[in-house]
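Trainee: Starting off with a structure, shown below.
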Amino acid sequence: MAMAELNLNPTKTHLHSSQLSFLSRTLPRHGHCAFPPLLRTTQHARISCSVAPNQVQVPALQTQDPKTKPDCYGVFCLTYDLKAEEETRSWKKLINIAVSGAAGMISNHLLFKLASGEVFGPNQPIALKLLGSERSIQALEGVAMELEDSLFPLLREVSIGIDPYEVFQDAEWALLIGAKPRGPGMERAALLDINGQIFAEQGKALNAVASRNVKVIVVGNPCNTNALICLKNAPNIPARNFHALTRLDENRAKCQLALKAGVFYDKVSNVTIWGNHSTTQVPDFLNARIDGLPVKDVIKDQKWLEEEFTETVQKRGGVLIQKWGRSSAASTSVSIVDAIRSLVTPTPEGDWFSTGVYTNGNPYGIAEDIVFSMPCRSNGDGDYEFVKDVIFDDYLRQRIAKTEAELLAEKKCVAHLTGEGIAVCDLPGDTMLPGEV
Ligand SMILES: NC(=O)C1=CN([C@@H]2O[C@H](COP(=O)(O)OP(=O)(O)OC[C@H]3O[C@@H](n4cnc5c(N)ncnc54)[C@H](OP(=O)(O)O)[C@@H]3O)[C@@H](O)[C@H]2O)C=CC1
Ligand SMILES: O=C([O-])CC(=O)C(=O)O
C-alpha cells in the first residue's frame, strides 16, 4: 500500500466547501481515504489515503503554506506535483500574474482569457493573484468561484487579497486595472490625484515584493500618467518594463481604416497611436499600411483622415459609453491580451505595435521622462525596442506636440507623487479621457 497525505491549512478554522467537495470527488477515485471526523471545524487535519499497488499513485497533494502564499482560494489551495501528471510534462514553469481591479468589468473578461491559455499559450500554467479592496472583496470571492467552476487545466493557483504587498509577491506580470472612474463634476486634476495615490502605492508594493523583471501594464485611467507614477515609485524595477495600455486605440484605428478602405482588418498594419490615451492621442495614418501600401495610396481622402478618422478614434470610448451606459470592457480586455501577446511573441516581420512606454532614449525627439505611446517591436522575450523607420510630416509633428504638451502638464499635476516636488496643475482645457464627452 502506498500512502498519500493531505496537510490541511492549519491556520484556517474551516475548510472551504470547494475543498471538501474536491476531496470527496477526487481522493476516493484513487483509493481509500480516512477523513477525520469534524473535518469542517478541525484546526489541523491530516488525511491519509491508502492506494492499492496496481492503482495509479495519487499525485502529492498539499495546501500552500499561508506564510508564503497569501490567501489561496478554494480548490486552488490544493496543488499537485505537476511532474506526476503525464499531460503536464511539456508545461513550462508556472508564472505569477497579478491583476488589480479584479472584480471590475474589464477583469471579468480578462481573467477567463488568461486562464484559458489564449494569452500565454497552451503549455503555460499560471497563478492568478487578484487584488481587490474592502469594497470588492465579496465580489472577488465570486470571481474566484467562477474561476473554480470553469475547470481551466492551466489555472493552478488563485489567491485574492486587498494588500498589494501580499498580492504582488513574486508577480511576473502586473495588470493594473483598478482605478476610480471620473464622476460627474469631478475635476480631472482630482482624478489624477486620487488615482495617482493608488498607483504610487502599487508602485511601491511592486518595488518591494514583485519579481525584479515584472512587466507592468497600466490600464486604469489616466493610464499614461498612472504608469509614470507607478514606475517612479518602483526604482528597483526597470522603467522600460512599465506600459500604459494604448492597444485598444490601435485596434479602434485599424477597424476604422479597414471600414473606409473596404478591406478586412487583418490587411491593416503598422498603425501607431502616438501619445496619451486621451482625446489628444494621434492615430498615425502617415506610416500605417493597408495591404502593404501606404494608407494615403489607398484612402485618398486627406480631409477624412485628418478630421473624421482621427476624431472617431480619439472619441470612440465616449460614443461607446453613450450606447452601452458603461465604458468598453470586453474590447479593452481583448486589447490587453493583444498587448501581452505582442510582448511574448515575435512581432511579424515589417510590422509593429503601439504601447505607452517611458520616453527616455526614444529616437523620435519626444520629451524625456513621460510615458508616451510609440511604435515598438519585440522578439517575444517580454522586452521591446523602438521602431526606427517611421516618417513624420508637419501635421503629424503638430499633433504629437499637442499630446506631448498634455502629458507634460499631467506630469506637473502629480509631482507630489513622483518625488519631484510640489504639484502645479494647469491642464489644457480639452484634456479628456477617450470615454469623456
Ligand atoms: N487604457 C484603456 O484603454 C482603458 C482604460 N479603462 C480604464 O480601466 C479602469 C477600469 O475599468 P473597468 O474595469 O471597466 O471599471 P470598473 O468600475 O468595473 O472597475 C474598476 C475597479 O476599480 C477599483 N477601484 C479602485 N479605486 C477605486 C475607487 N476609489 N472608487 C471606485 N473604484 C475603485 C474597483 O475595485 P476595488 O474596489 O477592488 O479596488 C473597481 O472594481 C478605469 O479606470 C477605466 O477608465 C477602460 C477602458 C479602456
Ligand atoms: O475613458 C474611459 O474610461 C474609457 C476608455 O479609456 C476608453 O474607452 O478608451
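Please note that chains go A, B, ... in the order of the C-alpha cells, that every chain numbers its residues from 1, and that ligands are numbered from 1 in the order shown.
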Which residues are close to Ala200 (chain A), i.e. within 10 Å by only C-alpha atoms, leaving aside same-chain residues fewer than 5 positions away? Reply as a PyMOL selection string.
Mentor: chain A and resi 195+205-206+226-234+417-418
Trainee: Restricting the output to C-alpha atoms, write the selected residues as a JSON list (two decimals), in the first residue's frame.
Mentor:
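And here's result.json as it stands now:
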[["chain", "number", "residue", "atom", "x", "y", "z"],
["A", 195, "ASN", "CA", -5.79, 57.52, -8.92],
["A", 205, "ALA", "CA", 4.47, 47.43, -3.44],
["A", 206, "LEU", "CA", 5.79, 46.13, -6.79],
["A", 226, "ASN", "CA", -0.59, 56.48, -13.69],
["A", 227, "ALA", "CA", 2.14, 54.38, -15.33],
["A", 228, "LEU", "CA", 4.64, 57.22, -14.85],
["A", 229, "ILE", "CA", 3.72, 57.48, -11.15],
["A", 230, "CYS", "CA", 3.97, 53.73, -10.78],
["A", 231, "LEU", "CA", 7.43, 53.46, -12.33],
["A", 232, "LYS", "CA", 8.75, 56.43, -10.34],
["A", 233, "ASN", "CA", 7.71, 54.63, -7.17],
["A", 234, "ALA", "CA", 9.43, 51.44, -8.24],
["A", 417, "LEU", "CA", 3.51, 61.55, -6.25],
["A", 418, "THR", "CA", 6.65, 61.13, -8.33]]
Trainee: Select the residues contacting ligand 1 at a distance of at most 6 Å, based on only C-alpha atoms and all ligand atoms, then format the selection as a list in words.
Mentor: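 Residues satisfying the distance criterion: Gly101, Ala103, Gly104, Met105, Ile106, Ser107, Gly132, Ser133, Arg135, Ser136, Ile177, Gly178, Ala179, Lys180, Pro181, Val219, Gly220, Asn221, Cys223, Leu245, Thr246, Leu248, Ser327, Ser328, Ala329 and Thr332 of chain A.
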Trainee: What's the 6 Å shell around region 374-391 of chain A, counting only C-alpha atoms, without same-chain residues fewer than 6 positions away, as a PDB file with N, CA and C atoms, in the first residue's frame?
Mentor:
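Output (selection-v3.pdb):
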ATOM      1  N   THR A 272       0.334  53.197 -35.622  1.00  0.00           N
ATOM      2  CA  THR A 272       0.860  53.724 -34.359  1.00  0.00           C
ATOM      3  C   THR A 272      -0.171  54.653 -33.727  1.00  0.00           C
ATOM      4  N   TRP A 274       0.187  57.583 -31.182  1.00  0.00           N
ATOM      5  CA  TRP A 274       1.204  58.394 -30.504  1.00  0.00           C
ATOM      6  C   TRP A 274       0.572  59.080 -29.301  1.00  0.00           C
ATOM      7  N   LEU A 343       4.213  41.205 -26.637  1.00  0.00           N
ATOM      8  CA  LEU A 343       5.496  41.171 -25.915  1.00  0.00           C
ATOM      9  C   LEU A 343       6.044  39.752 -25.757  1.00  0.00           C
ATOM     10  N   VAL A 344       5.167  38.754 -25.842  1.00  0.00           N
ATOM     11  CA  VAL A 344       5.641  37.384 -25.619  1.00  0.00           C
ATOM     12  C   VAL A 344       5.718  36.561 -26.909  1.00  0.00           C
ATOM     13  N   THR A 345       5.384  37.194 -28.027  1.00  0.00           N
ATOM     14  CA  THR A 345       5.580  36.518 -29.321  1.00  0.00           C
ATOM     15  C   THR A 345       6.313  37.503 -30.248  1.00  0.00           C
ATOM     16  N   PRO A 346       7.151  36.996 -31.140  1.00  0.00           N
ATOM     17  CA  PRO A 346       7.891  37.911 -32.015  1.00  0.00           C
ATOM     18  C   PRO A 346       6.940  38.709 -32.909  1.00  0.00           C
ATOM     19  N   THR A 347       7.233  39.992 -33.073  1.00  0.00           N
ATOM     20  CA  THR A 347       6.418  40.852 -33.933  1.00  0.00           C
ATOM     21  C   THR A 347       6.593  40.400 -35.389  1.00  0.00           C
ATOM     22  N   TRP A 352       4.627  46.486 -36.524  1.00  0.00           N
ATOM     23  CA  TRP A 352       4.914  46.931 -35.157  1.00  0.00           C
ATOM     24  C   TRP A 352       3.621  47.048 -34.383  1.00  0.00           C
ATOM     25  N   PHE A 353       3.726  47.421 -33.125  1.00  0.00           N
ATOM     26  CA  PHE A 353       2.539  47.624 -32.287  1.00  0.00           C
ATOM     27  C   PHE A 353       2.759  48.879 -31.443  1.00  0.00           C
ATOM     28  N   SER A 354       1.642  49.417 -30.938  1.00  0.00           N
ATOM     29  CA  SER A 354       1.738  50.625 -30.114  1.00  0.00           C
ATOM     30  C   SER A 354       1.642  50.263 -28.646  1.00  0.00           C
ATOM     31  N   THR A 355       2.455  50.918 -27.845  1.00  0.00           N
ATOM     32  CA  THR A 355       2.322  50.772 -26.404  1.00  0.00           C
ATOM     33  C   THR A 355       2.861  52.035 -25.746  1.00  0.00           C
TER      34      THR A 355
END
Trainee: Quick one: of A:Arg240, A:Phe309, A:Arg316, A:Ile160, who's nearest to Asn362 (chain A), counting only C-alpha atoms?
Mentor: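 Selected residue with least distance to Asn362 (chain A): A:Arg240.
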Trainee: Residues within 6 Å of ligand 2 (only C-alpha atoms and all ligand atoms), as a PDB file with C-alpha atoms, in the first residue's frame?
Mentor:
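That gives us selection-v9.pdb:
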ATOM      1  CA  GLY A 317     -14.658  55.467 -25.926  1.00  0.00           C
ATOM      2  CA  SER A 327     -17.084  52.037 -20.686  1.00  0.00           C
ATOM      3  CA  SER A 328     -15.738  49.378 -23.002  1.00  0.00           C
ATOM      4  CA  LEU A 433     -10.221  60.634 -21.400  1.00  0.00           C
ATOM      5  CA  PRO A 434     -11.468  58.836 -24.522  1.00  0.00           C
ATOM      6  CA  GLY A 435     -14.607  57.969 -22.573  1.00  0.00           C
ATOM      7  CA  GLU A 436     -15.391  61.517 -21.537  1.00  0.00           C
TER       8      GLU A 436
END
Trainee: Excluding same-chain residues fewer than 4 positions from Asn241 (chain A), what lies within 8 Å of it counting only C-alpha atoms, as a list in words?
Mentor: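 Here the answer would be Asn213, Val214, Lys215, Val216, Ile237 and Asp383 of chain A.
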Trainee: Generate the output file for the selected residues, N, CA and C atoms, as a PDB file, in the first residue's frame.
Mentor:
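Done, and the output landed in result15.pdb:
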ATOM      1  N   ASN A 213      11.975  41.563 -12.611  1.00  0.00           N
ATOM      2  CA  ASN A 213      11.769  41.831 -14.039  1.00  0.00           C
ATOM      3  C   ASN A 213      10.279  41.844 -14.384  1.00  0.00           C
ATOM      4  N   VAL A 214       9.442  42.167 -13.381  1.00  0.00           N
ATOM      5  CA  VAL A 214       7.991  42.174 -13.618  1.00  0.00           C
ATOM      6  C   VAL A 214       7.649  43.112 -14.775  1.00  0.00           C
ATOM      7  N   LYS A 215       6.697  42.676 -15.606  1.00  0.00           N
ATOM      8  CA  LYS A 215       6.180  43.537 -16.680  1.00  0.00           C
ATOM      9  C   LYS A 215       4.842  44.088 -16.205  1.00  0.00           C
ATOM     10  N   VAL A 216       4.695  45.387 -16.299  1.00  0.00           N
ATOM     11  CA  VAL A 216       3.522  46.055 -15.730  1.00  0.00           C
ATOM     12  C   VAL A 216       2.724  46.707 -16.849  1.00  0.00           C
ATOM     13  N   ILE A 237      12.821  48.470 -10.310  1.00  0.00           N
ATOM     14  CA  ILE A 237      12.320  47.724 -11.476  1.00  0.00           C
ATOM     15  C   ILE A 237      12.629  48.576 -12.708  1.00  0.00           C
ATOM     16  N   ASP A 383      10.424  41.920 -23.732  1.00  0.00           N
ATOM     17  CA  ASP A 383      11.018  43.250 -23.880  1.00  0.00           C
ATOM     18  C   ASP A 383      10.637  43.812 -25.266  1.00  0.00           C
TER      19      ASP A 383
END
Trainee: Give the answer as one residue: which of A:Thr280, A:Ile366, A:Trp91, A:Ala139 has the shortest atom-to-atom distance to Pro428 (chain A), using only C-alpha atoms?
Mentor: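 Answer, going by the shortest atom-to-atom distance: A:Thr280.
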Trainee: Compare A:Cys77, A:Asn270, A:Glu250, A:Ile198 by their minimum atom-to-atom distance to Pro348 (chain A), counting only C-alpha atoms, and give me the closest one.
Mentor: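 Residue with the minimum atom-to-atom distance to Pro348 (chain A): A:Asn270.
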Trainee: If we count only C-alpha atoms and set the cut-off at 7 Å, which residues sit around Phe168 (chain A), ignoring sequence neighbours fewer than 3 positions away in its own chain? Please answer as JSON, numbers by chain.
Mentor: {"A": [98, 164, 165, 171, 205, 206, 209, 210]}
Trainee: Could you name the residues that touch region 419-426 of chain A at 12 Å or less, counting only C-alpha atoms, but leaving out those on the same chain fewer than 2 positions away, as a PyMOL selection string?
Mentor: chain A and resi 187-193+200+228-235+369+405-417+428-431
Trainee: If DSSP is run on the backbone, what residues of region 132-362 of chain A are strand (DSSP E)? A reply as a PyMOL selection string would be ideal.
Mentor: chain A and resi 155-161+173-176+215-218+242-244+268-269+272-274+282-284+289-290+293-294+353-358
Trainee: Could you check how far CA of Thr88 (chain A) sits from CA of Leu176 (chain A), in Å to one decimal?
Mentor: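 According to the coordinates, CA of Thr88 (chain A) and CA of Leu176 (chain A) are separated by 29.7 Å.
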Trainee: Give me, as a PyMOL selection string, the residues of region 124-297 of chain A that a backbone DSSP run labels alpha helix (DSSP H).
Mentor: chain A and resi 137-149+164-167+188-209+223-232+247-261+295-297
Trainee: Using C-alpha atoms, can you export the residues from the last selection as an mmCIF file, in the first residue's frame?
Mentor:
data_model
loop_
_atom_site.group_PDB
_atom_site.id
_atom_site.type_symbol
_atom_site.label_atom_id
_atom_site.label_comp_id
_atom_site.auth_asym_id
_atom_site.auth_seq_id
_atom_site.Cartn_x
_atom_site.Cartn_y
_atom_site.Cartn_z
ATOM 1 C CA ILE A 137 -13.723 41.525 -1.515
ATOM 2 C CA GLN A 138 -17.032 39.647 -1.642
ATOM 3 C CA ALA A 139 -17.303 40.205 -5.370
ATOM 4 C CA LEU A 140 -13.747 38.972 -5.685
ATOM 5 C CA GLU A 141 -14.729 35.726 -3.985
ATOM 6 C CA GLY A 142 -17.461 35.450 -6.587
ATOM 7 C CA VAL A 143 -14.850 35.869 -9.330
ATOM 8 C CA ALA A 144 -12.673 33.181 -7.744
ATOM 9 C CA MET A 145 -15.676 30.831 -7.502
ATOM 10 C CA GLU A 146 -16.391 31.302 -11.201
ATOM 11 C CA LEU A 147 -12.763 30.568 -11.966
ATOM 12 C CA GLU A 148 -13.036 27.365 -9.906
ATOM 13 C CA ASP A 149 -16.166 26.319 -11.746
ATOM 14 C CA PRO A 164 -0.789 44.903 -2.705
ATOM 15 C CA TYR A 165 2.297 43.957 -0.691
ATOM 16 C CA GLU A 166 0.872 40.437 -0.392
ATOM 17 C CA VAL A 167 -0.866 40.117 -3.719
ATOM 18 C CA ARG A 188 -9.540 65.941 -13.938
ATOM 19 C CA ALA A 189 -6.820 67.163 -11.576
ATOM 20 C CA ALA A 190 -8.701 65.461 -8.715
ATOM 21 C CA LEU A 191 -8.877 62.224 -10.693
ATOM 22 C CA LEU A 192 -5.137 62.417 -11.364
ATOM 23 C CA ASP A 193 -4.540 62.833 -7.661
ATOM 24 C CA ILE A 194 -6.911 60.101 -6.404
ATOM 25 C CA ASN A 195 -5.794 57.518 -8.916
ATOM 26 C CA GLY A 196 -2.206 58.679 -8.662
ATOM 27 C CA GLN A 197 -2.239 57.750 -4.970
ATOM 28 C CA ILE A 198 -3.372 54.234 -5.898
ATOM 29 C CA PHE A 199 -0.586 53.841 -8.458
ATOM 30 C CA ALA A 200 2.069 55.334 -6.174
ATOM 31 C CA GLU A 201 1.197 52.756 -3.533
ATOM 32 C CA GLN A 202 1.096 49.927 -6.046
ATOM 33 C CA GLY A 203 4.450 51.024 -7.499
ATOM 34 C CA LYS A 204 5.969 50.871 -4.031
ATOM 35 C CA ALA A 205 4.467 47.433 -3.445
ATOM 36 C CA LEU A 206 5.791 46.127 -6.792
ATOM 37 C CA ASN A 207 9.180 47.557 -5.941
ATOM 38 C CA ALA A 208 9.180 45.741 -2.611
ATOM 39 C CA VAL A 209 7.834 42.300 -3.492
ATOM 40 C CA CYS A 223 -3.177 55.336 -17.728
ATOM 41 C CA ASN A 224 -0.095 57.135 -19.099
ATOM 42 C CA THR A 225 0.400 59.306 -16.041
ATOM 43 C CA ASN A 226 -0.591 56.476 -13.692
ATOM 44 C CA ALA A 227 2.140 54.378 -15.334
ATOM 45 C CA LEU A 228 4.640 57.225 -14.850
ATOM 46 C CA ILE A 229 3.718 57.483 -11.154
ATOM 47 C CA CYS A 230 3.974 53.727 -10.781
ATOM 48 C CA LEU A 231 7.427 53.460 -12.332
ATOM 49 C CA LYS A 232 8.752 56.428 -10.341
ATOM 50 C CA ARG A 247 -3.620 48.967 -27.757
ATOM 51 C CA LEU A 248 -7.377 49.480 -27.664
ATOM 52 C CA ASP A 249 -6.846 52.756 -29.532
ATOM 53 C CA GLU A 250 -4.670 50.971 -32.107
ATOM 54 C CA ASN A 251 -7.357 48.345 -32.616
ATOM 55 C CA ARG A 252 -10.017 51.030 -32.969
ATOM 56 C CA ALA A 253 -7.889 52.826 -35.583
ATOM 57 C CA LYS A 254 -7.350 49.606 -37.552
ATOM 58 C CA CYS A 255 -11.072 48.976 -37.580
ATOM 59 C CA GLN A 256 -11.872 52.464 -38.944
ATOM 60 C CA LEU A 257 -9.211 52.251 -41.676
ATOM 61 C CA ALA A 258 -10.437 48.821 -42.734
ATOM 62 C CA LEU A 259 -14.029 50.072 -42.888
ATOM 63 C CA LYS A 260 -13.122 53.050 -45.044
ATOM 64 C CA ALA A 261 -10.915 51.003 -47.391
ATOM 65 C CA VAL A 295 -2.781 54.275 -46.296
ATOM 66 C CA LYS A 296 -2.697 57.511 -48.304
ATOM 67 C CA ASP A 297 -2.346 55.481 -51.537
#
Trainee: Can you work out the spacing between CA of Glu134 (chain A) and CA of Leu110 (chain A) in Å, to one decimal?
Mentor: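 Pair CA of Glu134 (chain A) / CA of Leu110 (chain A) returns 21.6 Å.
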Trainee: Just want the 10 Å neighbourhood of Pro153 (chain A), counted on only C-alpha atoms, with same-chain residues fewer than 6 positions away dropped. Output as number ranges by chain.
Mentor: A: 88, 115-117, 122, 125-126
Trainee: Using Å and a single decimal, report how far CA of Pro294 (chain A) sits from CA of Gly350 (chain A).
Mentor: 13.1 Å
Trainee: Pick from A:Gly262, A:Gln322, A:Val158, A:Pro283: nearest to Ile299 (chain A), with only C-alpha atoms counted?
Mentor: A:Gly262
Trainee: Name the closest residue to Arg212 (chain A) among the candidates A:Ala367, A:Ala239, A:Leu293, A:Met186; distances are taken between atoms, counting only C-alpha atoms.
Mentor: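 Checking each of A:Ala367, A:Ala239, A:Leu293, A:Met186 against Arg212 (chain A), counting only C-alpha atoms, the winner is A:Ala239.
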